[in-house]
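Everything on this sheet refers to the single structure shown next.
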Amino acid sequence: ARQSMLHPDVLQLAYHFARISRGAVLEIGAFRGGATVAAAWGLRDAGEQKKFVTIEPGGPLRNHPLATRNISRTLKRNLEREKVRGLVTVLDGRSDDPRIIATVYHALGRDRIGLLMIDADAGIKRDFDNFGSKLLDGCWIIIDDYGGPAENRKGAPTKKQVNDLVAAEKLITLGYYGYATWVGKWVTSPPGQ
């Protein structure tokens with residue numbers, strides 16, 4: 001609760017999916033690292049080498065219960081404190097920056113993504129356009145800000161983009177967890193094709 005805005009159920013899913021996924025983990029929007037640590041614990045407990053790349057633009061967050069002057073520094077400090085820093089490649093930047101996109105592809109190499117966690121801005125479709133080619137069929141997907149209070153500016157656009165991907169049979173909904181988190185799977189070949 002001190003490092004994440006995600007519900008404990010979602011953190012448990014991040015752990016579980018990272019532990020059982022067939023591929024690498026990509027996280028977009030790590031914030032202080034609550035889900036990052038949970039997924040890293042899952043990778044550690046899986047007992048096999050899997051790549052984990054997280055993207056975080058950093059900056060300050062003020063007037064918030066989890067306020068920090070430097071998000072990136074807090075993230076890295078939390079990863080060190082939980083002894084998982086060596087399992088995670090942290091990229092300081094935005095998921096739409098061409099240099100960050102290229103770095104993700106380089107860091108993953110031939111590996112494909114088995115768990116994608118998105119908790120950043122409302123650019124859901126953009127992130128799938130940028131990284132969808134690296135997703136395994138059946139890749140676990142966790143997307144925060146799918147719902148929640150009306151004052152959450154990301155909620156409505158996130159929900160629309162996720163629903164559009166579900167309607168296009170690119171995503172399969174498994175459920176809605178915690179406060180505002182959509183959970184599902186990526187589909188490379190829609191049913192019937």
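Labels used: A, B, ... for chains in the order of the structure tokens, numbers from 1 for residues in each chain, and numbers from 1 for ligands as shown.
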
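Listed by chain and then by rising number, the residues of region 27-96 of chain A that DSSP assigns to strand (DSSP E or B) from the backbone are Glu27, Ile28, Phe52, Val53, Thr54, Ile55, Glu56, Leu61, Thr68, Thr89, Val90, Leu91 and Asp92 of chain A.
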
For the selection you just gave me, I'd like the residues written to a file as a compact mmCIF listing (two decimals), in the first residue's frame, keeping all heavy atoms.
```txt
# COMPACT_ATOMS: atom_id res chain seq x y z
N GLU A 27 6.49 -3.66 -18.65
CA GLU A 27 5.63 -2.80 -17.84
C GLU A 27 5.76 -1.37 -18.37
O GLU A 27 6.88 -0.88 -18.55
CB GLU A 27 6.06 -2.85 -16.38
CG GLU A 27 5.24 -1.95 -15.47
CD GLU A 27 5.73 -1.97 -14.04
OE1 GLU A 27 6.96 -2.03 -13.82
OE2 GLU A 27 4.88 -1.93 -13.14
N ILE A 28 4.62 -0.73 -18.58
CA ILE A 28 4.61 0.66 -19.03
C ILE A 28 3.96 1.47 -17.92
O ILE A 28 2.76 1.35 -17.66
CB ILE A 28 3.83 0.80 -20.36
CG1 ILE A 28 4.50 -0.04 -21.45
CG2 ILE A 28 3.75 2.27 -20.78
CD1 ILE A 28 3.70 -0.16 -22.73
N PHE A 52 12.76 -8.66 -18.07
CA PHE A 52 11.75 -7.77 -17.52
C PHE A 52 12.20 -6.35 -17.80
O PHE A 52 13.25 -5.91 -17.33
CB PHE A 52 11.61 -8.01 -16.02
CG PHE A 52 10.49 -7.25 -15.33
CD1 PHE A 52 10.17 -7.56 -14.01
CD2 PHE A 52 9.77 -6.24 -15.94
CE1 PHE A 52 9.17 -6.89 -13.33
CE2 PHE A 52 8.76 -5.56 -15.28
CZ PHE A 52 8.46 -5.89 -13.97
N VAL A 53 11.41 -5.64 -18.61
CA VAL A 53 11.70 -4.25 -18.96
C VAL A 53 10.55 -3.40 -18.45
O VAL A 53 9.38 -3.72 -18.68
CB VAL A 53 11.85 -4.07 -20.49
CG1 VAL A 53 12.10 -2.60 -20.84
CG2 VAL A 53 12.96 -4.96 -21.04
N THR A 54 10.89 -2.32 -17.75
CA THR A 54 9.87 -1.39 -17.30
C THR A 54 10.21 0.01 -17.79
O THR A 54 11.37 0.40 -17.83
CB THR A 54 9.69 -1.42 -15.76
OG1 THR A 54 8.53 -0.63 -15.42
CG2 THR A 54 10.88 -0.89 -15.02
N ILE A 55 9.18 0.74 -18.18
CA ILE A 55 9.32 2.11 -18.70
C ILE A 55 8.66 3.06 -17.71
O ILE A 55 7.50 2.87 -17.35
CB ILE A 55 8.64 2.24 -20.08
CG1 ILE A 55 9.22 1.23 -21.07
CG2 ILE A 55 8.77 3.67 -20.60
CD1 ILE A 55 8.40 1.09 -22.34
N GLU A 56 9.40 4.07 -17.30
CA GLU A 56 8.86 5.05 -16.36
C GLU A 56 9.40 6.43 -16.71
O GLU A 56 10.61 6.63 -16.73
CB GLU A 56 9.25 4.70 -14.92
CG GLU A 56 8.87 5.73 -13.88
CD GLU A 56 7.39 6.13 -13.93
OE1 GLU A 56 6.53 5.26 -13.84
OE2 GLU A 56 7.12 7.35 -14.06
N LEU A 61 5.65 13.88 -8.20
CA LEU A 61 4.21 13.75 -7.98
C LEU A 61 3.94 14.43 -6.65
O LEU A 61 4.41 13.99 -5.61
CB LEU A 61 3.76 12.28 -7.94
CG LEU A 61 2.27 12.08 -7.65
CD1 LEU A 61 1.40 12.70 -8.75
CD2 LEU A 61 1.95 10.61 -7.47
N THR A 68 6.15 11.97 -4.27
CA THR A 68 7.60 11.84 -4.30
C THR A 68 8.16 12.96 -5.18
O THR A 68 7.52 13.38 -6.13
CB THR A 68 8.06 10.46 -4.81
OG1 THR A 68 9.48 10.42 -4.87
CG2 THR A 68 7.49 10.14 -6.18
N THR A 89 15.15 -4.29 -16.05
CA THR A 89 15.78 -3.23 -16.84
C THR A 89 14.85 -2.03 -16.78
O THR A 89 13.71 -2.09 -17.26
CB THR A 89 15.97 -3.66 -18.31
OG1 THR A 89 16.81 -4.82 -18.34
CG2 THR A 89 16.59 -2.55 -19.14
N VAL A 90 15.30 -0.95 -16.16
CA VAL A 90 14.48 0.26 -16.01
C VAL A 90 14.87 1.25 -17.10
O VAL A 90 16.04 1.63 -17.22
CB VAL A 90 14.68 0.90 -14.61
CG1 VAL A 90 13.87 2.18 -14.50
CG2 VAL A 90 14.32 -0.08 -13.51
N LEU A 91 13.88 1.66 -17.89
CA LEU A 91 14.10 2.67 -18.93
C LEU A 91 13.42 3.96 -18.50
O LEU A 91 12.21 3.97 -18.26
CB LEU A 91 13.52 2.19 -20.26
CG LEU A 91 14.05 0.86 -20.80
CD1 LEU A 91 13.39 0.52 -22.13
CD2 LEU A 91 15.57 0.91 -20.95
N ASP A 92 14.21 5.01 -18.39
CA ASP A 92 13.68 6.33 -18.02
C ASP A 92 13.20 7.02 -19.28
O ASP A 92 14.01 7.42 -20.12
CB ASP A 92 14.76 7.17 -17.34
CG ASP A 92 15.22 6.57 -16.02
OD1 ASP A 92 14.34 6.18 -15.23
OD2 ASP A 92 16.43 6.49 -15.78
```

Enumerate as number ranges by chain all residues of region 1-180 of chain A assigned to helix (DSSP H, G or I) by DSSP on the backbone, naming them with the chain letters and numbers the document uses. A: 8-20, 34-46, 71-81, 85-87, 98-108, 124-134, 155-167

Which residues are near Ser133 (chain A)? Cut-off 10 Å, only C-alpha atoms, ignore same chain within fewer than 2 positions. Put them as a PyMOL selection string. chain A and resi 112-113+128-131+135-136+188

Could you dump the residues just selected with N, CA and C atoms as a compact mmCIF listing (two decimals), in the first residue's frame?
```txt
# COMPACT_ATOMS: atom_id res chain seq x y z
N ARG A 112 9.84 -12.82 -26.63
CA ARG A 112 8.53 -12.22 -26.79
C ARG A 112 7.95 -11.98 -25.41
N ILE A 113 6.91 -11.19 -25.34
CA ILE A 113 6.32 -10.76 -24.07
C ILE A 113 5.18 -11.69 -23.67
N PHE A 128 -0.17 -0.69 -27.75
CA PHE A 128 -0.34 -1.96 -28.47
C PHE A 128 0.20 -1.85 -29.89
N ASP A 129 0.03 -0.70 -30.54
CA ASP A 129 0.61 -0.51 -31.87
C ASP A 129 2.14 -0.61 -31.81
N ASN A 130 2.74 -0.03 -30.78
CA ASN A 130 4.20 -0.01 -30.66
C ASN A 130 4.79 -1.35 -30.26
N PHE A 131 4.10 -2.11 -29.42
CA PHE A 131 4.69 -3.33 -28.85
C PHE A 131 3.91 -4.61 -29.16
N LEU A 135 4.19 -9.36 -28.55
CA LEU A 135 3.35 -10.09 -27.61
C LEU A 135 3.12 -11.52 -28.08
N LEU A 136 3.26 -12.46 -27.17
CA LEU A 136 2.91 -13.85 -27.44
C LEU A 136 1.40 -13.99 -27.53
N THR A 188 -3.45 -13.26 -30.81
CA THR A 188 -2.79 -13.00 -32.09
C THR A 188 -3.71 -13.36 -33.24
```

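Of the residues under consideration (A:Ala40, A:Leu11, A:Ala35, A:Ile101), A:Ala40 shows the shortest atom-to-atom contact distance to Arg85 (chain A) when counting only C-alpha atoms.
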
Please, which residues in region 129-186 of chain A fall within 10 Å of region 118-124 of chain A when counting only C-alpha atoms, and what is the closest atom pair and distance in Å to one decimal for each, ordered by chain then residue number, as JSON lines?
```
{"residue": "A:Asp129", "atom": "CA", "partner": "A:Ile124", "partner_atom": "CA", "distance": 8.6}
{"residue": "A:Asn130", "atom": "CA", "partner": "A:Ile124", "partner_atom": "CA", "distance": 9.9}
{"residue": "A:Ile141", "atom": "CA", "partner": "A:Ile118", "partner_atom": "CA", "distance": 8.0}
{"residue": "A:Ile142", "atom": "CA", "partner": "A:Ile118", "partner_atom": "CA", "distance": 6.2}
{"residue": "A:Ile143", "atom": "CA", "partner": "A:Ile118", "partner_atom": "CA", "distance": 4.8}
{"residue": "A:Asp144", "atom": "CA", "partner": "A:Asp119", "partner_atom": "CA", "distance": 5.1}
{"residue": "A:Asp145", "atom": "CA", "partner": "A:Asp119", "partner_atom": "CA", "distance": 7.1}
{"residue": "A:Tyr146", "atom": "CA", "partner": "A:Ala122", "partner_atom": "CA", "distance": 9.4}
{"residue": "A:Arg153", "atom": "CA", "partner": "A:Ala122", "partner_atom": "CA", "distance": 8.5}
{"residue": "A:Lys154", "atom": "CA", "partner": "A:Ala122", "partner_atom": "CA", "distance": 5.2}
{"residue": "A:Gly155", "atom": "CA", "partner": "A:Ala122", "partner_atom": "CA", "distance": 7.7}
{"residue": "A:Ala156", "atom": "CA", "partner": "A:Ala122", "partner_atom": "CA", "distance": 8.8}
{"residue": "A:Pro157", "atom": "CA", "partner": "A:Ala122", "partner_atom": "CA", "distance": 6.1}
{"residue": "A:Thr158", "atom": "CA", "partner": "A:Ala122", "partner_atom": "CA", "distance": 5.2}
{"residue": "A:Lys159", "atom": "CA", "partner": "A:Ala122", "partner_atom": "CA", "distance": 9.0}
{"residue": "A:Lys160", "atom": "CA", "partner": "A:Ile124", "partner_atom": "CA", "distance": 9.5}
{"residue": "A:Gln161", "atom": "CA", "partner": "A:Ile124", "partner_atom": "CA", "distance": 6.3}
{"residue": "A:Val162", "atom": "CA", "partner": "A:Ile124", "partner_atom": "CA", "distance": 7.2}
{"residue": "A:Leu165", "atom": "CA", "partner": "A:Ile124", "partner_atom": "CA", "distance": 9.6}
{"residue": "A:Thr181", "atom": "CA", "partner": "A:Asp119", "partner_atom": "CA", "distance": 9.1}
{"residue": "A:Trp182", "atom": "CA", "partner": "A:Ile118", "partner_atom": "CA", "distance": 9.9}
```

Interface rows for region 23-56 of chain A against region 6-10 of chain A: nearest pair, Å to one decimal, 12 Å, only C-alpha atoms, as CSV:
```
residue,atom,partner,partner_atom,distance
A:Ala30,CA,A:Leu6,CA,11.1
A:Phe31,CA,A:Leu6,CA,10.7
A:Arg32,CA,A:Leu6,CA,11.1
A:Gly33,CA,A:Leu6,CA,10.5
A:Gly34,CA,A:Leu6,CA,7.8
A:Ala35,CA,A:Leu6,CA,7.6
A:Thr36,CA,A:Leu6,CA,11.2
A:Ala38,CA,A:Val10,CA,9.5
A:Ala39,CA,A:Val10,CA,10.6
```

Those residues you just picked out, can you put them in a file as a short mmCIF file (atom, residue, chain, number, x, y, z; two decimals), in the first residue's frame with N, CA, C and O atoms?
```
data_model
loop_
_atom_site.label_atom_id
_atom_site.label_comp_id
_atom_site.auth_asym_id
_atom_site.auth_seq_id
_atom_site.Cartn_x
_atom_site.Cartn_y
_atom_site.Cartn_z
N ALA A 30 5.73 2.34 -14.32
CA ALA A 30 6.07 1.62 -13.08
C ALA A 30 5.74 2.40 -11.82
O ALA A 30 5.53 1.81 -10.77
N PHE A 31 5.72 3.73 -11.91
CA PHE A 31 5.53 4.61 -10.76
C PHE A 31 6.54 4.25 -9.68
O PHE A 31 7.74 4.20 -9.96
N ARG A 32 6.14 3.96 -8.46
CA ARG A 32 7.08 3.68 -7.37
C ARG A 32 7.54 2.22 -7.35
O ARG A 32 8.42 1.86 -6.58
N GLY A 33 6.92 1.38 -8.18
CA GLY A 33 7.40 0.01 -8.32
C GLY A 33 6.62 -1.06 -7.58
O GLY A 33 7.11 -2.18 -7.45
N GLY A 34 5.42 -0.78 -7.13
CA GLY A 34 4.64 -1.80 -6.44
C GLY A 34 4.39 -3.03 -7.31
O GLY A 34 4.69 -4.16 -6.92
N ALA A 35 3.84 -2.82 -8.51
CA ALA A 35 3.60 -3.94 -9.43
C ALA A 35 4.91 -4.49 -9.98
O ALA A 35 5.02 -5.68 -10.25
N THR A 36 5.90 -3.62 -10.12
CA THR A 36 7.21 -4.04 -10.61
C THR A 36 7.81 -5.07 -9.66
O THR A 36 8.29 -6.13 -10.09
N ALA A 38 6.17 -6.90 -7.42
CA ALA A 38 5.34 -8.10 -7.40
C ALA A 38 5.68 -9.01 -8.58
O ALA A 38 5.85 -10.22 -8.42
N ALA A 39 5.79 -8.43 -9.77
CA ALA A 39 6.13 -9.22 -10.96
C ALA A 39 7.55 -9.77 -10.86
O ALA A 39 7.80 -10.92 -11.24
#
```

Near-Lys51 (chain A) list (10 Å; only C-alpha atoms; drop same-chain fewer than 3 positions) as number ranges by chain: A: 23-26, 40, 43, 48, 87-89, 107-109, 111-113

Measuring atom to atom with only C-alpha atoms, identify which of A:Met117, A:His106, A:Pro98, A:Gly138 is nearest to Tyr15 (chain A). A:Met117

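The space between CA of Leu115 (chain A) and CA of Ile20 (chain A) spans 9.4 Å.
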
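Of note, CA of Asp96 (chain A) and CA of Ser72 (chain A) are spaced 17.5 Å apart.
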
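For the pair CA of Lys134 (chain A) and CA of Thr74 (chain A), the separation is 28.6 Å.
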
Within 7 Å of region 171-175 of chain A, counting only C-alpha atoms, which residues qualify if same-chain residues fewer than 4 places away don't, as a PyMOL selection string? chain A and resi 165-166+182-187
